[in-house]
$ cat protein01.tsv   # TSV, C-alpha atoms
chain	number	residue	atom	x	y	z
A	865	MET	CA	-37.96	10.74	18.34
A	866	PRO	CA	-35.70	11.94	21.21
A	867	GLY	CA	-33.79	14.83	19.70
A	868	LYS	CA	-36.32	15.11	16.87
A	869	ARG	CA	-36.96	18.67	15.78
A	870	ILE	CA	-40.67	19.48	15.88
A	871	ALA	CA	-43.13	22.36	15.84
A	872	TYR	CA	-45.93	22.28	18.41
A	873	ILE	CA	-49.33	23.79	17.60
A	874	GLY	CA	-51.99	24.19	20.29
A	875	ILE	CA	-53.80	26.00	23.07
A	876	ASP	CA	-54.04	25.01	26.74
A	877	LEU	CA	-56.82	22.47	26.13
A	878	LEU	CA	-54.31	19.61	25.76
A	879	TYR	CA	-51.35	21.44	27.25
A	880	PRO	CA	-49.66	18.48	29.05
A	881	ALA	CA	-48.58	17.20	25.63
A	882	LEU	CA	-46.12	20.08	25.17
A	883	PRO	CA	-43.98	19.69	28.32
A	884	ALA	CA	-44.13	15.89	27.92
A	885	LEU	CA	-42.57	16.15	24.46
A	886	ILE	CA	-39.89	18.48	25.81
A	887	GLU	CA	-39.12	16.15	28.72
A	888	ALA	CA	-38.90	13.25	26.27
A	889	GLY	CA	-36.02	15.01	24.54
A	890	CYS	CA	-37.70	16.61	21.54
A	891	GLU	CA	-36.36	19.92	20.29
A	892	ILE	CA	-39.29	22.32	19.94
A	893	MET	CA	-38.37	24.68	17.10
A	894	GLU	CA	-41.49	26.83	17.47
A	895	VAL	CA	-44.70	26.95	19.50
A	896	ILE	CA	-47.73	28.10	17.52
A	897	THR	CA	-50.96	29.08	19.22
A	898	CYS	CA	-53.87	31.47	18.63
A	899	GLU	CA	-55.77	34.19	20.44
A	900	THR	CA	-58.25	32.89	23.05
A	901	ASP	CA	-60.78	34.61	25.28
A	902	ASN	CA	-58.90	33.48	28.44
A	903	VAL	CA	-62.27	33.09	30.13
A	904	THR	CA	-63.38	29.70	28.84
A	905	GLU	CA	-60.45	28.90	26.54
A	906	PHE	CA	-56.82	29.65	27.37
A	907	ASN	CA	-53.38	29.88	25.78
A	908	VAL	CA	-51.61	31.03	28.96
A	909	GLN	CA	-49.74	27.80	29.75
A	910	VAL	CA	-48.58	27.27	26.19
A	911	CYS	CA	-47.27	30.84	25.93
A	912	GLU	CA	-45.59	30.73	29.33
A	913	CYS	CA	-43.89	27.43	28.50
A	914	ALA	CA	-42.46	28.85	25.28
A	915	LYS	CA	-41.29	32.08	26.90
A	916	LYS	CA	-39.78	30.33	29.92
A	917	ARG	CA	-37.78	27.96	27.73
A	918	GLY	CA	-36.82	30.52	25.10
A	919	ILE	CA	-38.78	28.78	22.34
A	920	PRO	CA	-39.92	31.01	19.46
A	921	LEU	CA	-43.65	31.74	19.85
A	922	PHE	CA	-46.14	32.63	17.12
A	923	ILE	CA	-49.73	33.64	17.94
A	924	GLY	CA	-52.09	33.63	14.99
A	925	LYS	CA	-53.26	31.69	11.95
A	926	ILE	CA	-50.73	29.20	10.64
A	927	SER	CA	-49.94	29.20	6.93
A	928	ALA	CA	-48.42	26.67	4.57
A	929	GLU	CA	-45.60	29.15	3.99
A	930	ARG	CA	-44.72	29.25	7.67
A	931	LEU	CA	-44.67	25.48	7.89
A	932	SER	CA	-42.55	25.27	4.74
A	933	VAL	CA	-40.00	27.66	6.28
A	934	LEU	CA	-39.87	25.47	9.39
A	935	ARG	CA	-39.30	22.41	7.21
A	936	GLU	CA	-36.47	24.17	5.38
A	937	ARG	CA	-34.89	25.02	8.74
A	938	GLY	CA	-34.83	21.35	9.66
A	939	CYS	CA	-38.21	20.78	11.30
A	940	GLU	CA	-39.08	17.09	10.95
A	941	ALA	CA	-42.56	16.84	12.43
A	942	VAL	CA	-45.58	18.79	13.65
A	943	VAL	CA	-47.69	17.87	16.68
A	944	CYS	CA	-51.06	19.61	17.17
A	945	GLY	CA	-52.91	19.71	20.49
A	946	GLY	CA	-55.96	21.88	19.80
A	947	TYR	CA	-56.10	24.88	17.47
A	948	TYR	CA	-58.82	27.13	16.06
A	949	TYR	CA	-57.76	27.20	12.42
A	950	ARG	CA	-57.38	24.68	9.66
A	951	ILE	CA	-53.78	23.51	9.47
A	952	PRO	CA	-52.33	23.09	5.96
A	953	VAL	CA	-50.81	19.69	5.25
A	954	VAL	CA	-47.28	20.30	3.97
A	955	GLU	CA	-45.32	17.72	2.00
A	956	GLY	CA	-42.13	16.61	3.70
A	957	LEU	CA	-43.44	17.13	7.23
A	958	LYS	CA	-44.78	14.31	9.37
A	959	MET	CA	-47.84	15.95	10.91
A	960	VAL	CA	-49.94	14.42	13.69
A	961	ASN	CA	-52.97	15.61	15.65
A	962	ILE	CA	-54.09	14.77	19.19
A	963	HIS	CA	-57.85	14.20	19.09
A	964	PRO	CA	-60.01	13.78	22.23
A	965	SER	CA	-62.11	10.79	21.18
A	966	LEU	CA	-61.67	7.17	20.18
A	967	LEU	CA	-61.47	7.61	16.43
A	968	PRO	CA	-62.98	6.78	14.05
A	969	VAL	CA	-65.98	7.51	16.30
A	970	GLY	CA	-66.24	11.14	17.36
A	971	ARG	CA	-64.65	12.92	14.44
A	972	GLY	CA	-65.27	16.65	14.62
A	973	ALA	CA	-64.19	19.84	16.32
A	974	TRP	CA	-65.49	19.24	19.86
A	975	PRO	CA	-66.34	15.61	20.71
A	976	MET	CA	-66.19	15.84	24.52
A	977	PRO	CA	-69.58	17.55	25.05
A	978	VAL	CA	-71.19	15.24	22.52
A	979	THR	CA	-69.84	12.24	24.43
A	980	ILE	CA	-71.73	13.45	27.52
A	981	LEU	CA	-74.87	14.48	25.62
A	982	LYS	CA	-75.04	11.01	24.10
A	983	GLY	CA	-74.62	9.37	27.51
A	984	LEU	CA	-71.62	7.30	26.34
A	985	ARG	CA	-69.57	5.39	28.92
A	986	GLU	CA	-66.29	5.40	27.02
A	987	SER	CA	-64.10	8.06	25.48
A	988	GLY	CA	-60.40	8.42	24.85
A	989	VAL	CA	-57.54	10.16	23.09
A	990	THR	CA	-56.20	9.39	19.62
A	991	VAL	CA	-52.96	10.46	17.95
A	992	HIS	CA	-53.42	10.33	14.19
A	993	ARG	CA	-51.83	11.57	11.00
A	994	MET	CA	-53.07	14.90	9.71
A	995	THR	CA	-54.68	14.62	6.29
A	996	GLU	CA	-56.86	16.80	4.11
A	997	GLY	CA	-59.88	15.02	5.58
A	998	PHE	CA	-60.59	16.13	9.15
A	999	ASP	CA	-59.75	13.54	11.80
A	1000	GLU	CA	-59.52	10.83	9.14
A	1001	GLY	CA	-55.78	10.11	9.22
A	1002	ALA	CA	-54.25	6.77	10.14
A	1003	ILE	CA	-53.91	6.11	13.89
A	1004	LEU	CA	-50.54	6.04	15.65
A	1005	LEU	CA	-51.72	5.72	19.29
A	1006	GLN	CA	-54.94	5.44	21.29
A	1007	GLU	CA	-55.91	5.40	24.96
A	1008	GLU	CA	-59.38	4.50	26.26
A	1009	ILE	CA	-60.98	6.49	29.08
A	1010	PRO	CA	-64.06	5.51	31.12
A	1011	VAL	CA	-66.89	8.06	31.35
A	1012	SER	CA	-68.90	8.12	34.59
A	1013	PRO	CA	-72.71	8.59	34.61
A	1014	LYS	CA	-72.29	12.09	36.09
A	1015	GLU	CA	-69.19	13.12	34.15
A	1016	ASN	CA	-68.89	16.77	33.17
A	1017	LEU	CA	-66.76	18.46	30.54
A	1018	LEU	CA	-64.12	19.54	33.06
A	1019	THR	CA	-63.67	16.11	34.64
A	1020	LEU	CA	-63.64	14.34	31.25
A	1021	THR	CA	-61.02	16.76	29.93
A	1022	LYS	CA	-58.89	16.18	33.04
A	1023	LYS	CA	-58.97	12.45	32.38
A	1024	GLN	CA	-57.88	13.03	28.81
A	1025	LYS	CA	-55.07	15.34	29.88
A	1026	ALA	CA	-53.88	12.73	32.39
A	1027	VAL	CA	-53.06	10.19	29.67
A	1028	LEU	CA	-51.17	12.65	27.47
A	1029	PRO	CA	-47.73	12.49	29.13
A	1030	GLY	CA	-47.54	8.71	28.69
A	1031	MET	CA	-48.79	8.89	25.11
A	1032	MET	CA	-46.26	11.61	24.24
A	1033	ARG	CA	-43.41	9.57	25.75
A	1034	ARG	CA	-44.40	6.62	23.60
A	1035	LEU	CA	-44.68	8.89	20.56
A	1036	ALA	CA	-41.25	10.40	21.23
A	1037	GLU	CA	-39.58	7.04	21.73
A	1038	ASP	CA	-40.50	5.69	18.31
A	1039	PHE	CA	-42.16	8.41	16.26
A	1040	ASP	CA	-41.01	7.30	12.82
A	1041	THR	CA	-42.05	3.67	13.30
A	1042	LEU	CA	-45.45	4.63	14.74
A	1043	TYR	CA	-45.98	7.06	11.87
A	1044	GLU	CA	-45.06	4.55	9.18
A	1045	GLN	CA	-47.06	1.72	10.75
A	1046	ALA	CA	-50.14	3.84	11.54
A	1047	LYS	CA	-53.40	1.96	11.00
A	1048	PRO	CA	-56.07	3.34	8.63
A	1049	GLN	CA	-59.29	4.31	10.38
A	1050	GLY	CA	-61.88	3.01	7.96
A	1051	ASP	CA	-65.48	4.17	8.21
A	1052	GLY	CA	-66.22	6.47	11.12
A	1053	GLU	CA	-68.77	8.74	12.75
A	1054	TYR	CA	-68.62	12.55	12.45
A	1055	TRP	CA	-70.12	14.68	15.25
A	1056	SER	CA	-71.05	18.21	14.30
A	1057	CYS	CA	-69.73	20.89	16.62
A	1058	PRO	CA	-72.51	21.62	19.14
A	1059	SER	CA	-73.92	25.14	19.36
A	1060	GLU	CA	-75.56	26.82	22.35
A	1061	GLU	CA	-78.54	27.67	20.13
A	1062	ASP	CA	-79.24	23.94	19.92
A	1063	TYR	CA	-79.37	23.57	23.73
A	1064	PRO	CA	-81.36	26.46	25.26
A	1065	LEU	CA	-82.41	26.29	28.90
A	1066	THR	CA	-85.72	27.72	30.14
A	1067	PRO	CA	-87.94	27.48	33.25
A	1068	ASP	CA	-89.76	24.63	31.44
A	1069	THR	CA	-86.63	22.52	30.84
A	1070	PRO	CA	-86.81	19.17	32.74
A	1071	PHE	CA	-84.08	18.51	35.30
A	1072	GLU	CA	-82.63	15.50	33.47
A	1073	GLU	CA	-82.19	17.46	30.25
A	1074	ALA	CA	-80.75	20.52	32.00
A	1075	ASP	CA	-78.35	18.37	34.02
A	1076	ARG	CA	-77.03	16.71	30.88
A	1077	ILE	CA	-76.59	20.02	29.04
A	1078	LEU	CA	-74.89	21.77	31.96
A	1079	ARG	CA	-72.48	18.86	32.46
A	1080	ALA	CA	-71.72	18.66	28.73
A	1081	PHE	CA	-70.76	22.35	28.55
A	1082	TYR	CA	-69.45	22.80	32.09
A	1083	GLY	CA	-67.00	25.70	32.12
A	1084	TYR	CA	-68.57	27.26	29.03
A	1085	GLU	CA	-71.43	29.70	28.81
A	1086	CYS	CA	-74.86	28.09	28.47
A	1087	VAL	CA	-77.86	30.27	27.64
A	1088	TYR	CA	-80.94	30.42	29.88
A	1089	GLU	CA	-83.99	32.36	28.62
A	1090	ALA	CA	-86.85	33.63	30.79
A	1091	ASP	CA	-89.28	36.56	30.53
A	1092	GLY	CA	-87.58	37.83	27.39
A	1093	VAL	CA	-84.15	38.01	29.03
A	1094	ARG	CA	-81.12	35.90	28.07
A	1095	TYR	CA	-78.64	34.86	30.74
A	1096	GLY	CA	-75.21	33.35	30.24
A	1097	LEU	CA	-74.47	30.65	32.85
A	1098	ILE	CA	-70.96	29.32	33.47
A	1099	GLU	CA	-70.37	26.27	35.68
A	1100	GLY	CA	-74.05	25.87	36.46
A	1101	VAL	CA	-75.25	22.85	38.46
A	1102	ALA	CA	-78.76	21.39	38.21
A	1103	GLY	CA	-80.60	20.16	41.31
A	1104	LYS	CA	-83.83	18.17	41.31
A	1105	ASN	CA	-86.76	18.86	43.64
A	1106	SER	CA	-88.16	15.86	45.50
A	1107	VAL	CA	-90.74	15.40	48.24
A	1108	SER	CA	-89.20	14.43	51.60
A	1109	SER	CA	-90.72	12.14	54.21
A	1110	THR	CA	-91.96	15.20	56.12
A	1111	GLY	CA	-93.82	16.47	53.10
A	1112	GLY	CA	-91.40	19.31	52.36
A	1113	VAL	CA	-89.47	19.85	49.19
A	1114	SER	CA	-85.79	19.04	49.18
A	1115	GLU	CA	-83.21	19.21	46.45
A	1116	LYS	CA	-81.02	16.49	45.00
A	1117	SER	CA	-77.95	17.56	43.13
A	1118	GLY	CA	-77.48	16.22	39.62
A	1119	VAL	CA	-73.72	16.02	40.14
A	1120	ASP	CA	-71.75	13.51	42.20
A	1121	SER	CA	-68.22	13.70	43.58
A	1122	THR	CA	-66.80	13.46	40.07
A	1123	GLY	CA	-68.72	16.47	38.86
A	1124	ALA	CA	-69.15	20.17	38.95
A	1125	VAL	CA	-69.78	20.66	42.67
A	1126	ALA	CA	-66.35	19.28	43.49
A	1127	GLU	CA	-64.60	21.68	41.15
A	1128	LYS	CA	-63.52	25.22	41.97
A	1129	SER	CA	-64.19	27.95	39.42
A	1130	ARG	CA	-61.28	29.27	37.41
A	1131	ALA	CA	-62.37	32.69	38.65
A	1132	GLY	CA	-62.16	31.55	42.28
A	1133	LEU	CA	-65.93	31.25	42.79
A	1134	THR	CA	-67.37	28.07	44.26
A	1135	GLY	CA	-71.00	28.57	43.32
A	1136	ALA	CA	-72.54	31.09	45.73
A	1137	VAL	CA	-76.29	31.17	44.98
A	1138	ALA	CA	-79.57	32.82	45.84
A	1139	GLU	CA	-81.58	30.97	48.49
A	1140	LYS	CA	-85.04	30.92	46.91
A	1141	ASN	CA	-86.07	28.95	43.86
A	1142	SER	CA	-88.38	31.32	42.05
A	1143	VAL	CA	-88.57	33.54	39.02
A	1144	SER	CA	-88.11	36.47	41.41
A	1145	SER	CA	-84.57	35.22	42.08
A	1146	ILE	CA	-83.86	35.74	38.39
A	1147	GLY	CA	-85.27	39.24	38.71
A	1148	THR	CA	-82.86	39.87	41.58
A	1149	VAL	CA	-79.93	38.99	39.36
A	1150	ALA	CA	-81.30	41.23	36.63
A	1151	GLU	CA	-81.73	44.19	38.97
A	1152	LYS	CA	-78.29	43.90	40.56
A	1153	SER	CA	-76.22	43.01	37.49
A	1154	GLU	CA	-75.24	45.29	34.68
A	1155	THR	CA	-75.28	43.63	31.29
A	1156	GLY	CA	-72.11	41.60	30.91
A	1157	LYS	CA	-71.19	41.58	34.63
A	1158	GLU	CA	-70.93	38.14	36.26
A	1159	MET	CA	-73.03	37.51	39.37
A	1160	PRO	CA	-74.21	34.48	41.40
A	1161	GLY	CA	-77.67	33.31	40.45
A	1162	GLU	CA	-80.39	30.68	40.73
A	1163	PHE	CA	-82.69	29.68	37.91
A	1164	PRO	CA	-85.86	27.52	38.07
A	1165	LEU	CA	-86.49	24.41	36.00
A	1166	ARG	CA	-89.68	22.44	35.52
A	1167	ASP	CA	-88.77	20.11	38.38
A	1168	GLY	CA	-85.65	21.62	39.88
A	1169	ARG	CA	-83.27	24.53	39.72
A	1170	ILE	CA	-79.90	25.64	38.38
A	1171	ARG	CA	-77.35	27.18	40.70
A	1172	THR	CA	-74.31	29.04	39.48
A	1173	GLY	CA	-71.73	31.41	40.86
A	1174	ARG	CA	-71.11	32.89	37.42
A	1175	CYS	CA	-73.97	34.28	35.38
A	1176	ARG	CA	-74.60	37.46	33.46
A	1177	ILE	CA	-77.28	39.12	31.38
A	1178	ILE	CA	-76.40	38.97	27.70
A	1179	ASN	CA	-77.75	40.89	24.73
A	1180	GLY	CA	-78.55	38.47	21.97
A	1181	LYS	CA	-75.40	36.34	21.87
A	1182	PRO	CA	-73.29	34.38	24.36
A	1183	ARG	CA	-69.74	35.35	25.25
A	1184	HIS	CA	-68.28	33.04	22.60
A	1185	ALA	CA	-70.01	34.94	19.82
A	1186	GLU	CA	-68.09	38.04	20.92
A	1187	LEU	CA	-64.82	36.40	19.84
A	1188	PRO	CA	-63.38	37.05	16.36
A	1189	ALA	CA	-65.45	35.55	13.58
A	1190	ALA	CA	-62.90	32.77	13.04
A	1191	MET	CA	-63.66	31.43	16.52
A	1192	PRO	CA	-67.14	29.85	16.52
A	1193	TRP	CA	-69.07	28.94	19.67
A	1194	PRO	CA	-67.76	27.00	21.45
A	1195	ALA	CA	-64.18	28.14	21.09
A	1196	SER	CA	-62.64	24.67	21.34
A	1197	ARG	CA	-61.42	23.54	17.92
A	1198	ILE	CA	-59.33	20.41	17.73
A	1199	CYS	CA	-57.55	20.49	14.37
A	1200	SER	CA	-60.22	22.98	13.36
A	1201	ALA	CA	-62.13	22.97	10.12
A	1202	ASN	CA	-62.07	26.76	9.99
A	1203	PRO	CA	-60.74	28.13	6.71
$ encode --input "protein01.tsv" --output "structure tokens"
Amino acid sequence: MPGKRIAYIGIDLLYPALPALIEAGCEIMEVITCETDNVTEFNVQVCECAKKRGIPLFIGKISAERLSVLRERGCEAVVCGGYYYRIPVVEGLKMVNIHPSLLPVGRGAWPMPVTILKGLRESGVTVHRMTEGFDEGAILLQEEIPVSPKENLLTLTKKQKAVLPGMMRRLAEDFDTLYEQAKPQGDGEYWSCPSEEDYPLTPDTPFEEADRILRAFYGYECVYEADGVRYGLIEGVAGKNSVSSTGGVSEKSGVDSTGAVAEKSRAGLTGAVAEKNSVSSIGTVAEKSETGKEMPGEFPLRDGRIRTGRCRIINGKPRHAELPAAMPWPASRICSANP
């Protein structure tokens, strides 16, 4: 594939694939991305890469007509690395998708959080043909990735990004052969895209459940409800209360060195928190924060607490629901099923 003329479709979620293809000698005829909130989902790196290298950039919903024009101009293949809209399959173009799971298990728009919610110990990345059926195309390449007991969404995504350069080099070296010899998936397992409404947090939520939810959606806005108020929590960390040898109550973090505590916020916050674990600490956040403004906060659980440097009071819906209707919560859509 060195010298092969391709179109790249994607957001920053799987960004390392784009520069790896360029470094492998592919000619990128156009970069196609979509609007993102640039709070939890980003297109900054993809756009900057295109602009820096003088590659034509299109931001919006891809159409069959646009892909057909690219084909007529000599485009030979399409590589997708995360996109919000359904991508039309166009005859005469070899189209592949980068999917963050070990297909055929984990089909669906956002398998990474589900991997953590299910407590799985293995994940991966798959490059497969695009077909009319979502994530059902024959497999060109796969890489397995171990999942630690305290993995969070950010650390799992970093592991997946780390294998992309090598996979893209292999793809570029022998694209046509890999495409022609791709192996059919057979029966698989589809995971519905998780919604925050399915995973509410409250003062009565047990630590273990809260820890799993916060790790699964780390970096995205989880909803905590108490006293009729809804809070959006980003990069929250659960800690469990335990009785010490002196009879006092101490706290054990639900995250190890691979998890959220070790990561710095995209906004530059490292998790400043209130010092007392009580409902009054929630009231303090409510009194000091205007609706929509991010503040540090601490939120009680049945047997622990949540600490976060980024929380806000929300009216009815989380931040993701404020995006255009075509972008469902959560925003991540890998080869999206959106019409």
$ atom_distance --input "protein01.tsv" --atom1 "CA of Gly1001 (chain A)" --atom2 "CA of Leu984 (chain A)"
23.5 Å
$ atom_distance --input "protein01.tsv" --atom1 "CA of Asp901 (chain A)" --atom2 "CA of Pro1010 (chain A)"
29.9 Å
$ axis_aligned_box --input "protein01.tsv" --around "region 1048-1061 of chain A" --padding-each-side "4 Å" --output "AutoDock Vina command-line options"
--center_x -67.3 --center_y 15.3 --center_z 15.2 --size_x 30.5 --size_y 32.7 --size_z 22.4
$ closest_residue --input "protein01.tsv" --among "A:Met893, A:Val1027, A:Ile1178, A:Leu1097" --to "Pro964 (chain A)" --atoms "only C-alpha atoms"
A:Val1027
$ closest_residue --input "protein01.tsv" --among "A:Ala1036, A:Leu1042, A:Gly1050, A:Ala1080" --to "Pro1013 (chain A)" --atoms "only C-alpha atoms"
A:Ala1080
$ residues_around --input "protein01.tsv" --residues "Arg917 (chain A)" --least-positions-apart "6" --cutoff "12 Å" --atoms "all atoms listed in the file" --output "PyMOL selection string"
chain A and resi 882-883+886-887+891-895+910-911
$ write_last_selection --input "protein01.tsv" --atoms "C-alpha atoms" --output "mmCIF file, keeping the file's coordinate frame"
data_model
loop_
_atom_site.group_PDB
_atom_site.id
_atom_site.type_symbol
_atom_site.label_atom_id
_atom_site.label_comp_id
_atom_site.auth_asym_id
_atom_site.auth_seq_id
_atom_site.Cartn_x
_atom_site.Cartn_y
_atom_site.Cartn_z
ATOM 1 C CA LEU A 882 -46.120 20.080 25.170
ATOM 2 C CA PRO A 883 -43.980 19.690 28.320
ATOM 3 C CA ILE A 886 -39.890 18.480 25.810
ATOM 4 C CA GLU A 887 -39.120 16.150 28.720
ATOM 5 C CA GLU A 891 -36.360 19.920 20.290
ATOM 6 C CA ILE A 892 -39.290 22.320 19.940
ATOM 7 C CA MET A 893 -38.370 24.680 17.100
ATOM 8 C CA GLU A 894 -41.490 26.830 17.470
ATOM 9 C CA VAL A 895 -44.700 26.950 19.500
ATOM 10 C CA VAL A 910 -48.580 27.270 26.190
ATOM 11 C CA CYS A 911 -47.270 30.840 25.930
#
